[in-house]
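Chemist: Here you go, target10.cif (mmCIF, C-alpha atoms):
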data_start
loop_
_atom_site.group_PDB
_atom_site.id
_atom_site.type_symbol
_atom_site.label_atom_id
_atom_site.label_comp_id
_atom_site.auth_asym_id
_atom_site.auth_seq_id
_atom_site.Cartn_x
_atom_site.Cartn_y
_atom_site.Cartn_z
ATOM 1 C CA MET Z 229 90.437 38.631 100.886
ATOM 2 C CA SER Z 230 91.830 39.354 104.332
ATOM 3 C CA GLY Z 231 94.988 40.939 102.861
ATOM 4 C CA PHE Z 232 92.989 43.362 100.695
ATOM 5 C CA PHE Z 233 91.490 45.359 103.585
ATOM 6 C CA ARG Z 234 94.409 45.126 105.988
ATOM 7 C CA PRO Z 235 96.758 48.156 105.816
ATOM 8 C CA GLY Z 236 100.300 47.126 105.096
ATOM 9 C CA PRO Z 237 103.679 48.874 105.254
ATOM 10 C CA ARG Z 238 103.115 50.659 101.925
ATOM 11 C CA THR Z 239 99.953 52.346 103.189
ATOM 12 C CA HIS Z 240 101.795 53.624 106.245
ATOM 13 C CA ARG Z 241 104.657 54.925 104.089
ATOM 14 C CA ARG Z 242 102.263 56.707 101.718
ATOM 15 C CA ARG Z 243 100.421 58.273 104.620
ATOM 16 C CA SER Z 244 103.655 59.571 106.172
ATOM 17 C CA ILE Z 245 104.849 60.970 102.821
ATOM 18 C CA ALA Z 246 101.501 62.703 102.303
ATOM 19 C CA THR Z 247 101.703 64.169 105.827
ATOM 20 C CA LEU Z 248 105.245 65.404 105.184
ATOM 21 C CA LEU Z 249 104.289 67.033 101.872
ATOM 22 C CA THR Z 250 101.257 68.677 103.478
ATOM 23 C CA ALA Z 251 103.427 70.079 106.277
ATOM 24 C CA ILE Z 252 105.963 71.442 103.763
ATOM 25 C CA ALA Z 253 103.186 73.060 101.694
ATOM 26 C CA LEU Z 254 101.668 74.645 104.806
ATOM 27 C CA ALA Z 255 105.075 75.962 105.924
ATOM 28 C CA CYS Z 256 105.671 77.489 102.467
ATOM 29 C CA LEU Z 257 102.238 79.116 102.501
ATOM 30 C CA ILE Z 258 102.826 80.644 105.940
ATOM 31 C CA TRP Z 259 106.333 81.801 104.924
ATOM 32 C CA TRP Z 260 105.003 83.429 101.740
ATOM 33 C CA THR Z 261 102.059 85.110 103.496
ATOM 34 C CA TYR Z 262 103.744 86.456 106.619
ATOM 35 C CA ILE Z 263 107.355 87.039 105.524
ATOM 36 C CA ILE Z 264 107.729 87.449 101.742
ATOM 37 C CA THR Z 265 104.584 89.478 100.976
ATOM 38 C CA PRO Z 266 105.135 92.152 103.691
ATOM 39 C CA TRP Z 267 108.812 92.395 102.723
ATOM 40 C CA ALA Z 268 107.887 92.975 99.059
ATOM 41 C CA ALA Z 269 105.294 95.595 100.061
ATOM 42 C CA ASP Z 270 107.954 97.475 102.054
ATOM 43 C CA GLN Z 271 110.480 97.279 99.206
ATOM 44 C CA THR Z 272 108.040 98.696 96.637
ATOM 45 C CA ARG Z 273 106.981 101.760 98.660
ATOM 46 C CA ALA Z 274 109.919 103.804 97.316
ATOM 47 C CA PRO Z 275 108.937 106.299 94.569
ATOM 48 C CA VAL Z 276 111.454 104.958 92.006
ATOM 49 C CA SER Z 277 112.663 101.539 90.857
ATOM 50 C CA HIS Z 278 115.757 100.360 92.688
ATOM 51 C CA ALA Z 279 118.021 97.343 93.075
ATOM 52 C CA VAL Z 280 117.325 95.245 96.152
ATOM 53 C CA TRP Z 281 120.084 92.668 95.650
ATOM 54 C CA ARG Z 282 122.779 91.829 93.100
ATOM 55 C CA GLY Z 283 124.847 88.668 92.886
ATOM 56 C CA THR Z 284 127.026 86.754 90.494
ATOM 57 C CA LEU Z 285 127.728 83.144 89.771
ATOM 58 C CA PRO Z 286 130.321 82.037 87.235
ATOM 59 C CA GLY Z 287 128.790 83.098 83.938
ATOM 60 C CA LEU Z 288 125.558 84.561 85.374
ATOM 61 C CA ASN Z 289 124.448 87.850 86.855
ATOM 62 C CA LEU Z 290 121.534 87.631 89.294
ATOM 63 C CA GLY Z 291 119.413 90.330 90.854
ATOM 64 C CA LEU Z 292 116.251 91.495 92.561
ATOM 65 C CA ASP Z 293 114.717 94.829 91.532
ATOM 66 C CA ALA Z 294 111.820 96.604 93.239
ATOM 67 C CA HIS Z 295 109.361 98.491 91.032
ATOM 68 C CA PRO Z 296 106.951 100.974 92.675
ATOM 69 C CA PRO Z 297 103.206 100.906 92.054
ATOM 70 C CA ARG Z 298 101.803 103.008 89.235
ATOM 71 C CA VAL Z 299 98.266 104.036 88.412
ATOM 72 C CA GLN Z 300 96.190 100.838 88.377
ATOM 73 C CA VAL Z 301 99.338 98.643 88.422
ATOM 74 C CA LYS Z 302 100.640 96.933 91.573
ATOM 75 C CA GLY Z 303 104.230 97.315 92.671
ATOM 76 C CA TYR Z 304 106.384 94.197 92.462
ATOM 77 C CA VAL Z 305 109.803 92.755 93.198
ATOM 78 C CA GLU Z 306 111.296 91.026 90.193
ATOM 79 C CA GLY Z 307 113.980 88.343 90.313
ATOM 80 C CA TRP Z 308 116.072 88.050 87.152
ATOM 81 C CA VAL Z 309 119.116 86.389 85.632
ATOM 82 C CA SER Z 310 121.325 87.757 82.854
ATOM 83 C CA PRO Z 311 123.526 85.278 80.980
ATOM 84 C CA PRO Z 312 126.706 86.672 79.383
ATOM 85 C CA TRP Z 313 125.732 85.753 75.815
ATOM 86 C CA THR Z 314 122.768 88.154 75.777
ATOM 87 C CA ASP Z 315 121.968 91.701 76.883
ATOM 88 C CA ASP Z 316 118.475 90.704 78.020
ATOM 89 C CA LEU Z 317 117.239 90.089 81.537
ATOM 90 C CA TRP Z 318 115.347 86.838 81.977
ATOM 91 C CA VAL Z 319 112.656 87.244 84.614
ATOM 92 C CA LEU Z 320 112.488 84.238 86.945
ATOM 93 C CA LEU Z 321 110.175 85.473 89.689
ATOM 94 C CA ARG Z 322 107.703 88.299 90.273
ATOM 95 C CA ILE Z 323 106.511 88.930 93.831
ATOM 96 C CA PRO Z 324 103.523 91.283 94.216
ATOM 97 C CA GLY Z 325 104.170 94.294 96.428
ATOM 98 C CA ALA Z 326 102.397 97.521 97.321
ATOM 99 C CA PRO Z 327 98.846 98.060 96.035
ATOM 100 C CA ALA Z 328 98.178 100.028 92.866
ATOM 101 C CA ARG Z 329 97.645 103.767 93.025
ATOM 102 C CA PRO Z 330 94.154 105.058 92.319
ATOM 103 C CA MET Z 331 93.353 106.887 89.128
ATOM 104 C CA PRO Z 332 93.723 110.678 89.559
ATOM 105 C CA PRO Z 333 90.403 112.566 89.384
ATOM 106 C CA GLU Z 334 91.565 114.709 86.470
ATOM 107 C CA TRP Z 335 91.827 111.576 84.311
ATOM 108 C CA VAL Z 336 88.130 110.828 84.729
ATOM 109 C CA THR Z 337 85.676 112.890 82.677
ATOM 110 C CA ALA Z 338 81.884 113.177 82.839
ATOM 111 C CA VAL Z 339 81.599 110.624 80.005
ATOM 112 C CA GLY Z 340 84.060 108.118 81.441
ATOM 113 C CA VAL Z 341 87.797 107.722 81.268
ATOM 114 C CA SER Z 342 89.635 110.235 79.094
ATOM 115 C CA SER Z 343 91.168 108.406 76.121
ATOM 116 C CA THR Z 344 94.262 110.649 76.179
ATOM 117 C CA LYS Z 345 95.129 109.894 79.800
ATOM 118 C CA ALA Z 346 94.252 106.250 80.492
ATOM 119 C CA ALA Z 347 92.949 103.121 78.856
ATOM 120 C CA PRO Z 348 89.260 102.246 79.268
ATOM 121 C CA ARG Z 349 88.518 99.865 82.116
ATOM 122 C CA ASN Z 350 86.025 97.606 80.333
ATOM 123 C CA LYS Z 351 83.984 97.186 77.140
ATOM 124 C CA ALA Z 352 81.222 99.471 78.398
ATOM 125 C CA ASP Z 353 83.709 102.342 78.688
ATOM 126 C CA VAL Z 354 84.926 101.684 75.153
ATOM 127 C CA TYR Z 355 81.416 101.851 73.682
ATOM 128 C CA ARG Z 356 80.474 104.850 75.864
ATOM 129 C CA ASN Z 357 83.498 106.831 74.611
ATOM 130 C CA LEU Z 358 82.751 106.093 70.930
ATOM 131 C CA GLY Z 359 79.596 108.208 70.760
#
Take the structure in the file and write it out as structure tokens.
Modeler:
Amino acid sequence: MSGFFRPGPRTHRRRSIATLLTAIALACLIWWTYIITPWAADQTRAPVSHAVWRGTLPGLNLGLDAHPPRVQVKGYVEGWVSPPWTDDLWVLLRIPGAPARPMPPEWVTAVGVSSTKAAPRNKADVYRNLG
């Protein structure tokens, strides 16, 4: 019974591994919050989509593209890979950037959102626009 409550070398090892993993997670969170997010917001402020970075590995094309915000859609930086056997881009990462643009006043009518300009925001708008 005395060996059950006494911490041994495994408990110490587990505690140090848990501390290390917690420190790594905290460092990643701080890096993402204070470095990556502001960088992505700056990259997506341009009015048009543009390439941020391009690279190649043997048999793969890699890249980062910045897409500006649109009406009710946030801007984002997208990381992609393009293998040679396909013409598609495979998205690996999407980092949120600049905030979405507000809806222009001319898109909003007295009844709600104009169906020709923008999609309804919720079910109430859908039912309001039916009648």
Chemist: Would you translate the PyMOL selection byres ((chain Z and resi 324-332) around 8) into the concrete set of residues it matches in this file, as a list in words?
Modeler: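 When the PyMOL selection byres ((chain Z and resi 324-332) around 8) is applied to the shown file, the picked residues are Thr265, Pro266, Ala268, Ala269, Asp270, Gln271, Thr272, Arg273, Pro296, Pro297, Arg298, Val299, Gln300, Val301, Lys302, Gly303, Tyr304, Val305, Arg322, Ile323, Pro333, Glu334, Trp335 and Val336 of chain Z.
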Chemist: For atom CA of Z:His295 and atom CA of Z:Val319, determine how far apart the two atoms are, in Å to one decimal place.
Modeler: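 Atom-to-atom, atom CA of Z:His295 and atom CA of Z:Val319 are spaced 13.4 Å apart.
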Chemist: What is the atom CA of Z:Val309 to atom CA of Z:Leu292 distance in Å?
Modeler: 9.1 Å
Chemist: What does the distance between atom CA of Z:Leu320 and atom CA of Z:Cys256 come to in Å, to one decimal place?
Modeler: 18.2 Å
Chemist: How big is the axis-aligned box, and where does its centre sit, when it encloses all atoms of stretch 293-298 of chain Z listed in the file and has 3 Å added on every side, reported in Å to one decimal as AutoDock Vina command-line options?
Modeler:
--center_x 108.3 --center_y 98.9 --center_z 91.2 --size_x 18.9 --size_y 14.2 --size_z 10.0
Chemist: Enumerate, as a list of chain:residue names, the protein, DNA and RNA residues whose atoms approach (120.8, 88.4, 81.9) to within 10 Å, taking into account all atoms listed in the file and the coordinate frame of the file.
Modeler: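 I get Z:Gly287, Z:Leu288, Z:Asn289, Z:Leu290, Z:Gly291, Z:Trp308, Z:Val309, Z:Ser310, Z:Pro311, Z:Pro312, Z:Trp313, Z:Thr314, Z:Asp315, Z:Asp316, Z:Leu317, Z:Trp318, Z:Val319 for the residues within 10 Å of that point.
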Chemist: Kindly resolve the PyMOL selection byres ((chain Z and resi 280) around 7) on the present coordinates and return the residues as a ChimeraX atom specification.
Modeler: /Z:278-279,281,292-294
Chemist: Please, could N, CA and C atoms be added to stretch 315-329 of chain Z and the result written as a CSV table (one decimal), in the frame of the given file?
Modeler:
chain,number,residue,atom,x,y,z
Z,315,ASP,N,122.1,90.5,76.1
Z,315,ASP,CA,122.0,91.7,76.9
Z,315,ASP,C,120.6,91.8,77.6
Z,316,ASP,N,119.8,90.7,77.4
Z,316,ASP,CA,118.5,90.7,78.0
Z,316,ASP,C,118.5,90.2,79.5
Z,317,LEU,N,117.5,90.6,80.2
Z,317,LEU,CA,117.2,90.1,81.5
Z,317,LEU,C,116.1,89.0,81.4
Z,318,TRP,N,116.4,87.9,82.0
Z,318,TRP,CA,115.3,86.8,82.0
Z,318,TRP,C,114.7,86.9,83.3
Z,319,VAL,N,113.4,87.2,83.4
Z,319,VAL,CA,112.7,87.2,84.6
Z,319,VAL,C,112.3,85.8,85.1
Z,320,LEU,N,112.7,85.6,86.3
Z,320,LEU,CA,112.5,84.2,86.9
Z,320,LEU,C,111.3,84.3,87.9
Z,321,LEU,N,111.1,85.4,88.6
Z,321,LEU,CA,110.2,85.5,89.7
Z,321,LEU,C,109.6,86.9,89.8
Z,322,ARG,N,108.3,87.0,90.0
Z,322,ARG,CA,107.7,88.3,90.3
Z,322,ARG,C,106.8,88.2,91.5
Z,323,ILE,N,107.2,88.9,92.6
Z,323,ILE,CA,106.5,88.9,93.8
Z,323,ILE,C,105.7,90.2,93.9
Z,324,PRO,N,104.4,90.1,94.1
Z,324,PRO,CA,103.5,91.3,94.2
Z,324,PRO,C,103.9,92.1,95.5
Z,325,GLY,N,103.8,93.4,95.3
Z,325,GLY,CA,104.2,94.3,96.4
Z,325,GLY,C,103.1,95.2,96.8
Z,326,ALA,N,103.4,96.5,96.9
Z,326,ALA,CA,102.4,97.5,97.3
Z,326,ALA,C,101.2,97.6,96.4
Z,327,PRO,N,100.0,98.0,96.9
Z,327,PRO,CA,98.8,98.1,96.0
Z,327,PRO,C,99.0,99.2,95.0
Z,328,ALA,N,98.2,99.0,94.0
Z,328,ALA,CA,98.2,100.0,92.9
Z,328,ALA,C,97.7,101.4,93.4
Z,329,ARG,N,98.1,102.4,92.7
Z,329,ARG,CA,97.6,103.8,93.0
Z,329,ARG,C,96.3,104.0,92.3
